[in-house]
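Here is the structure we will look at, set down as structure tokens.
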Amino acid sequence: MGHLGKTLADALPERAGISVASDPHKLRFGGDCEGFLCLPRSESPAGAVVILHERYGLVQHTLDLARRLARDGYAALAPNLFSRWRGDEAALRSGKERVVLPDPEVAAVIDAALDFLKGHPRVAPERIALMGVCQSGRYPIVIGSRRRDLAAFVVLYGGSQQRDWQVSDLQPEPMQEMMRSLAAPVLFVYGECDHTISLADVRRTRDALEEGRCSYRMKVFPGMPHGWLNDTMPGRYRAKEAEEAWRMLLAFLGDVFGGKWPGKGQVRWEFESASSVDYDFSKNLRLE
């Protein structure tokens, strides 16, 4: 997995073609937390997204997504959720080591990132979304269950794995209860052939959201493996569907930030799925 081995310092030059107002710059917030901030060209206060990295840490792919958000008009802050972790970073980036921290510890970093954006002069504080990817997909739910000052949540192929439903010392709050408590609409994007999330997991997520009367958009993309938006992993990346999912993300942010969705006083559920008549989760494979 050498393509994952990009640190905060050396990840920037490879994607210089994505145009934003200024180069993403490293910053500190909340005392000892770090991350990268990308700003759009407009000088007016913009909607913003805190984008959370996958299990590999804050690597190239996360910064690419932050750049794309800035190119499309949003301020994007990518915090390093492992800022306070001390371990083998090379093993982390290669996937040989998985870091699983207590939800409250990770939430403290995310809260600091959100509060930083809320006070930034280029950000409209009432238009902030929190986006999780894969392992970090649970955190929009964790944060959203107790904060009422965010406009939207986005989860890309995460937050629904079997491990996410398990209560433990690391995950003290039941996922089902947290999903029922969301106060802002959420977008979920899944892949039919994801080896970590089954269609049964998707149904379980829908049930929890609907029991809590939470507005959601959700789509299961047919034939897609886990992580298909990640163009640094050629075995997983699917260009056509990745662009479709990105357009779906932008439409969701535009609708929610613009006050068009779900509609004043309304709860809306939008679900789209296509899968094989012979679907068998046990046959879904991990791709690199």
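Residues are named by chain letter and number: chains run A, B, ... in the order of the structure tokens, numbers start at 1 in each chain, and ligands are numbered from 1 in the order shown.
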Write out as a CSV table (one decimal) with N, CA and C atoms, in the first residue's frame the residues lying within 7 Å of Gln161 of chain A, counting only C-alpha atoms and excluding same-chain residues fewer than 4 positions away.
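Contents of around-v4.csv, freshly written:
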```csv
chain,number,residue,atom,x,y,z
A,196,THR,N,-17.3,-4.6,4.0
A,196,THR,CA,-17.5,-4.3,5.4
A,196,THR,C,-18.9,-3.9,5.8
A,197,ILE,N,-19.7,-3.6,4.9
A,197,ILE,CA,-21.1,-3.2,5.2
A,197,ILE,C,-22.1,-4.0,4.3
A,201,ASP,N,-26.9,-4.4,7.1
A,201,ASP,CA,-26.4,-3.2,7.8
A,201,ASP,C,-27.1,-1.9,7.4
```
From a DSSP calculation on the backbone, collect every residue of segment 98-142 of chain A in alpha helix (DSSP H) and output the set as a PDB file with C-alpha atoms, in the first residue's frame.
```
ATOM      1  CA  ASP A 103     -15.185   8.015  20.972  1.00  0.00           C
ATOM      2  CA  PRO A 104     -14.896  10.837  23.545  1.00  0.00           C
ATOM      3  CA  GLU A 105     -11.209  11.356  22.693  1.00  0.00           C
ATOM      4  CA  VAL A 106     -11.874  11.593  18.958  1.00  0.00           C
ATOM      5  CA  ALA A 107     -14.942  13.751  19.577  1.00  0.00           C
ATOM      6  CA  ALA A 108     -12.776  16.266  21.440  1.00  0.00           C
ATOM      7  CA  VAL A 109     -10.620  16.740  18.319  1.00  0.00           C
ATOM      8  CA  ILE A 110     -13.679  17.062  16.079  1.00  0.00           C
ATOM      9  CA  ASP A 111     -15.333  19.533  18.435  1.00  0.00           C
ATOM     10  CA  ALA A 112     -12.181  21.649  18.369  1.00  0.00           C
ATOM     11  CA  ALA A 113     -12.171  21.575  14.544  1.00  0.00           C
ATOM     12  CA  LEU A 114     -15.830  22.560  14.350  1.00  0.00           C
ATOM     13  CA  ASP A 115     -15.393  25.373  16.849  1.00  0.00           C
ATOM     14  CA  PHE A 116     -12.360  26.635  14.914  1.00  0.00           C
ATOM     15  CA  LEU A 117     -14.406  26.822  11.713  1.00  0.00           C
ATOM     16  CA  LYS A 118     -17.300  28.523  13.460  1.00  0.00           C
ATOM     17  CA  TYR A 139     -18.194  10.194  14.129  1.00  0.00           C
ATOM     18  CA  PRO A 140     -20.796  12.341  12.344  1.00  0.00           C
ATOM     19  CA  ILE A 141     -23.315  10.213  14.246  1.00  0.00           C
ATOM     20  CA  VAL A 142     -21.431  10.507  17.542  1.00  0.00           C
TER      21      VAL A 142
END
```
- line: For Glu270 of chain A, the closest of A:Arg127, A:Arg86, A:Lys219, A:Arg286 counting only C-alpha atoms is A:Lys219
- prompt: Near segment 252-267 of chain A, within 7 Å and counting only C-alpha atoms, which residues show up once chain neighbours fewer than 3 positions away are dropped, as a PyMOL selection string?
  reply: chain A and resi 127+151-152+213-215+248-249
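Restricting the calculation to only C-alpha atoms, the smallest distance between Arg41 of chain A and any of A:Asp72, A:Glu54, A:Glu288, A:Glu243 is found for A:Asp72.
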Residue contacts of Leu92 of chain A (10 Å, only C-alpha atoms) excluding same-chain residues fewer than 2 positions away, as an MDAnalysis selection string: chainID A and resid 4:5 55:57 87:90 94:99
field: Distance query Glu173 of chain A at most 12 Å, only C-alpha atoms, self and fewer than 6 positions along chain excluded, as an MDAnalysis selection string
entry: chainID A and resid 102:104 138:139 141:143 145:146 164:167 179:181
Could you turn the residues from that selection into a file that holds N, CA and C atoms, as a short mmCIF file (atom, residue, chain, number, x, y, z; two decimals), in the first residue's frame?
```
data_model
loop_
_atom_site.label_atom_id
_atom_site.label_comp_id
_atom_site.auth_asym_id
_atom_site.auth_seq_id
_atom_site.Cartn_x
_atom_site.Cartn_y
_atom_site.Cartn_z
N PRO A 102 -10.97 5.93 21.89
CA PRO A 102 -12.28 6.11 22.50
C PRO A 102 -13.07 7.22 21.80
N ASP A 103 -14.35 7.00 21.61
CA ASP A 103 -15.19 8.01 20.97
C ASP A 103 -15.03 9.39 21.61
N PRO A 104 -15.03 9.50 22.95
CA PRO A 104 -14.90 10.84 23.55
C PRO A 104 -13.58 11.53 23.20
N ARG A 138 -18.50 6.80 11.69
CA ARG A 138 -19.31 6.79 12.90
C ARG A 138 -19.35 8.15 13.59
N TYR A 139 -18.32 8.97 13.34
CA TYR A 139 -18.19 10.19 14.13
C TYR A 139 -19.21 11.28 13.79
N ILE A 141 -22.20 10.66 13.41
CA ILE A 141 -23.31 10.21 14.25
C ILE A 141 -23.03 10.52 15.71
N VAL A 142 -21.81 10.23 16.15
CA VAL A 142 -21.43 10.51 17.54
C VAL A 142 -21.60 11.99 17.85
N ILE A 143 -21.05 12.84 16.99
CA ILE A 143 -21.13 14.29 17.21
C ILE A 143 -22.56 14.79 17.03
N SER A 145 -25.32 13.40 17.52
CA SER A 145 -26.29 12.99 18.54
C SER A 145 -26.32 13.95 19.72
N ARG A 146 -25.29 14.82 19.82
CA ARG A 146 -25.25 15.71 20.99
C ARG A 146 -25.05 17.18 20.64
N ASP A 164 -19.54 -0.98 14.47
CA ASP A 164 -20.12 0.29 14.89
C ASP A 164 -21.32 0.12 15.81
N TRP A 165 -21.96 -1.02 15.74
CA TRP A 165 -23.16 -1.26 16.55
C TRP A 165 -22.82 -1.82 17.92
N GLN A 166 -21.56 -2.17 18.14
CA GLN A 166 -21.15 -2.79 19.39
C GLN A 166 -20.83 -1.74 20.45
N VAL A 167 -21.39 -1.88 21.62
CA VAL A 167 -21.11 -0.99 22.75
C VAL A 167 -19.92 -1.53 23.52
N MET A 179 -28.18 7.42 16.38
CA MET A 179 -28.83 7.71 15.10
C MET A 179 -30.21 8.30 15.29
N ARG A 180 -30.90 7.84 16.30
CA ARG A 180 -32.25 8.34 16.57
C ARG A 180 -32.24 9.79 17.04
N SER A 181 -31.06 10.26 17.46
CA SER A 181 -30.97 11.58 18.07
C SER A 181 -30.46 12.66 17.14
#
```
Two-atom distance - atom CA of Gly235 of chain A, atom CA of Cys193 of chain A (Å): 13.1 Å
List as a CSV table (one decimal) with C-alpha atoms, in the first residue's frame the protein and nucleic acid residues near Ala76 of chain A, meaning an atom at most 7 Å away when only C-alpha atoms are counted, but skip any in the same chain fewer than 4 places from it.
```
chain,number,residue,atom,x,y,z
A,37,LEU,CA,-7.5,24.0,5.9
A,38,CYS,CA,-8.5,24.7,2.3
A,39,LEU,CA,-10.4,27.8,1.4
A,48,ALA,CA,-17.9,24.6,5.3
A,49,VAL,CA,-17.1,20.9,5.8
A,50,VAL,CA,-15.0,19.2,8.4
A,51,ILE,CA,-13.8,16.1,6.5
A,66,ALA,CA,-10.6,18.8,1.0
A,69,LEU,CA,-14.6,20.8,-1.7
A,70,ALA,CA,-12.7,24.1,-1.8
```
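For Pro40 of chain A, the set of protein, DNA and RNA residues having any atom at most 10 Å away, when counting only C-alpha atoms and skipping those fewer than 3 positions along the same chain, is Ser19, Val20, Ala21, Ser22, Glu43, Ser44, Pro45, Ala46, Gly47, Ala48, Arg67, Arg68, Leu69, Ala70, Arg71, Asp72, Gly73, Tyr74, Ala75, Ala76 and Arg122 of chain A.
The residue that comes closest to Leu182 of chain A, out of A:Asp169, A:Asp194, A:Asp278, A:Glu210 and on the basis of only C-alpha atoms, is A:Glu210.
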query: Using the chain letters and numbers from this document, which residues of segment 15-236 of chain A does DSSP assign to strand (DSSP E), as a ChimeraX atom specification?
result: /A:25-29,33-38,46-51,75-79,123-133,152-156,186-191,216-221
Only C-alpha atoms, please: the residues just picked out, written as a PDB file, in the first residue's frame.
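Okay, this is what ended up in result-v2.pdb:
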```pdb
ATOM      1  CA  HIS A  25      -2.093  25.107   4.914  1.00  0.00           C
ATOM      2  CA  LYS A  26      -1.326  23.244   8.068  1.00  0.00           C
ATOM      3  CA  LEU A  27      -2.646  24.708  11.280  1.00  0.00           C
ATOM      4  CA  ARG A  28      -3.148  23.984  14.935  1.00  0.00           C
ATOM      5  CA  PHE A  29      -6.364  24.381  16.880  1.00  0.00           C
ATOM      6  CA  CYS A  33      -4.741  19.324  17.422  1.00  0.00           C
ATOM      7  CA  GLU A  34      -3.535  19.716  13.851  1.00  0.00           C
ATOM      8  CA  GLY A  35      -5.046  19.630  10.395  1.00  0.00           C
ATOM      9  CA  PHE A  36      -5.172  21.218   6.956  1.00  0.00           C
ATOM     10  CA  LEU A  37      -7.486  24.029   5.876  1.00  0.00           C
ATOM     11  CA  CYS A  38      -8.534  24.661   2.262  1.00  0.00           C
ATOM     12  CA  ALA A  46     -18.835  30.174   2.693  1.00  0.00           C
ATOM     13  CA  GLY A  47     -20.399  26.937   3.777  1.00  0.00           C
ATOM     14  CA  ALA A  48     -17.856  24.587   5.285  1.00  0.00           C
ATOM     15  CA  VAL A  49     -17.142  20.904   5.783  1.00  0.00           C
ATOM     16  CA  VAL A  50     -15.023  19.209   8.407  1.00  0.00           C
ATOM     17  CA  ILE A  51     -13.813  16.123   6.549  1.00  0.00           C
ATOM     18  CA  ALA A  75     -14.149  25.805   3.144  1.00  0.00           C
ATOM     19  CA  ALA A  76     -12.771  22.408   4.146  1.00  0.00           C
ATOM     20  CA  LEU A  77     -10.889  21.492   7.297  1.00  0.00           C
ATOM     21  CA  ALA A  78      -9.278  18.057   7.511  1.00  0.00           C
ATOM     22  CA  PRO A  79      -8.251  17.432  11.132  1.00  0.00           C
ATOM     23  CA  VAL A 123     -16.953  30.573   7.135  1.00  0.00           C
ATOM     24  CA  ALA A 124     -20.721  30.954   7.522  1.00  0.00           C
ATOM     25  CA  PRO A 125     -21.179  29.363  10.963  1.00  0.00           C
ATOM     26  CA  GLU A 126     -24.764  28.286  10.310  1.00  0.00           C
ATOM     27  CA  ARG A 127     -23.662  26.283   7.233  1.00  0.00           C
ATOM     28  CA  ILE A 128     -21.229  23.670   8.519  1.00  0.00           C
ATOM     29  CA  ALA A 129     -21.344  19.941   7.754  1.00  0.00           C
ATOM     30  CA  LEU A 130     -19.394  17.044   9.223  1.00  0.00           C
ATOM     31  CA  MET A 131     -18.252  14.290   6.869  1.00  0.00           C
ATOM     32  CA  GLY A 132     -16.855  10.875   7.815  1.00  0.00           C
ATOM     33  CA  VAL A 133     -15.290   8.243   5.570  1.00  0.00           C
ATOM     34  CA  ALA A 152     -25.711  18.457   7.851  1.00  0.00           C
ATOM     35  CA  PHE A 153     -23.827  15.177   8.079  1.00  0.00           C
ATOM     36  CA  VAL A 154     -22.252  13.012   5.373  1.00  0.00           C
ATOM     37  CA  VAL A 155     -21.107   9.396   5.684  1.00  0.00           C
ATOM     38  CA  LEU A 156     -19.211   7.613   2.908  1.00  0.00           C
ATOM     39  CA  VAL A 186     -27.594  13.027   6.807  1.00  0.00           C
ATOM     40  CA  LEU A 187     -26.337  11.640   3.499  1.00  0.00           C
ATOM     41  CA  PHE A 188     -25.195   8.004   3.406  1.00  0.00           C
ATOM     42  CA  VAL A 189     -23.330   6.589   0.394  1.00  0.00           C
ATOM     43  CA  TYR A 190     -22.776   2.827   0.181  1.00  0.00           C
ATOM     44  CA  GLY A 191     -21.496   0.240  -2.283  1.00  0.00           C
ATOM     45  CA  TYR A 216     -31.792  11.239   5.231  1.00  0.00           C
ATOM     46  CA  ARG A 217     -30.695  10.633   1.686  1.00  0.00           C
ATOM     47  CA  MET A 218     -29.153   7.246   1.098  1.00  0.00           C
ATOM     48  CA  LYS A 219     -27.920   5.402  -1.958  1.00  0.00           C
ATOM     49  CA  VAL A 220     -26.430   1.957  -2.497  1.00  0.00           C
ATOM     50  CA  PHE A 221     -24.367   2.038  -5.696  1.00  0.00           C
TER      51      PHE A 221
END
```
query: Expressed in Å to a single decimal, how great is the separation between atom CA of Gly159 of chain A and atom CA of Leu81 of chain A?
result: 16.0 Å
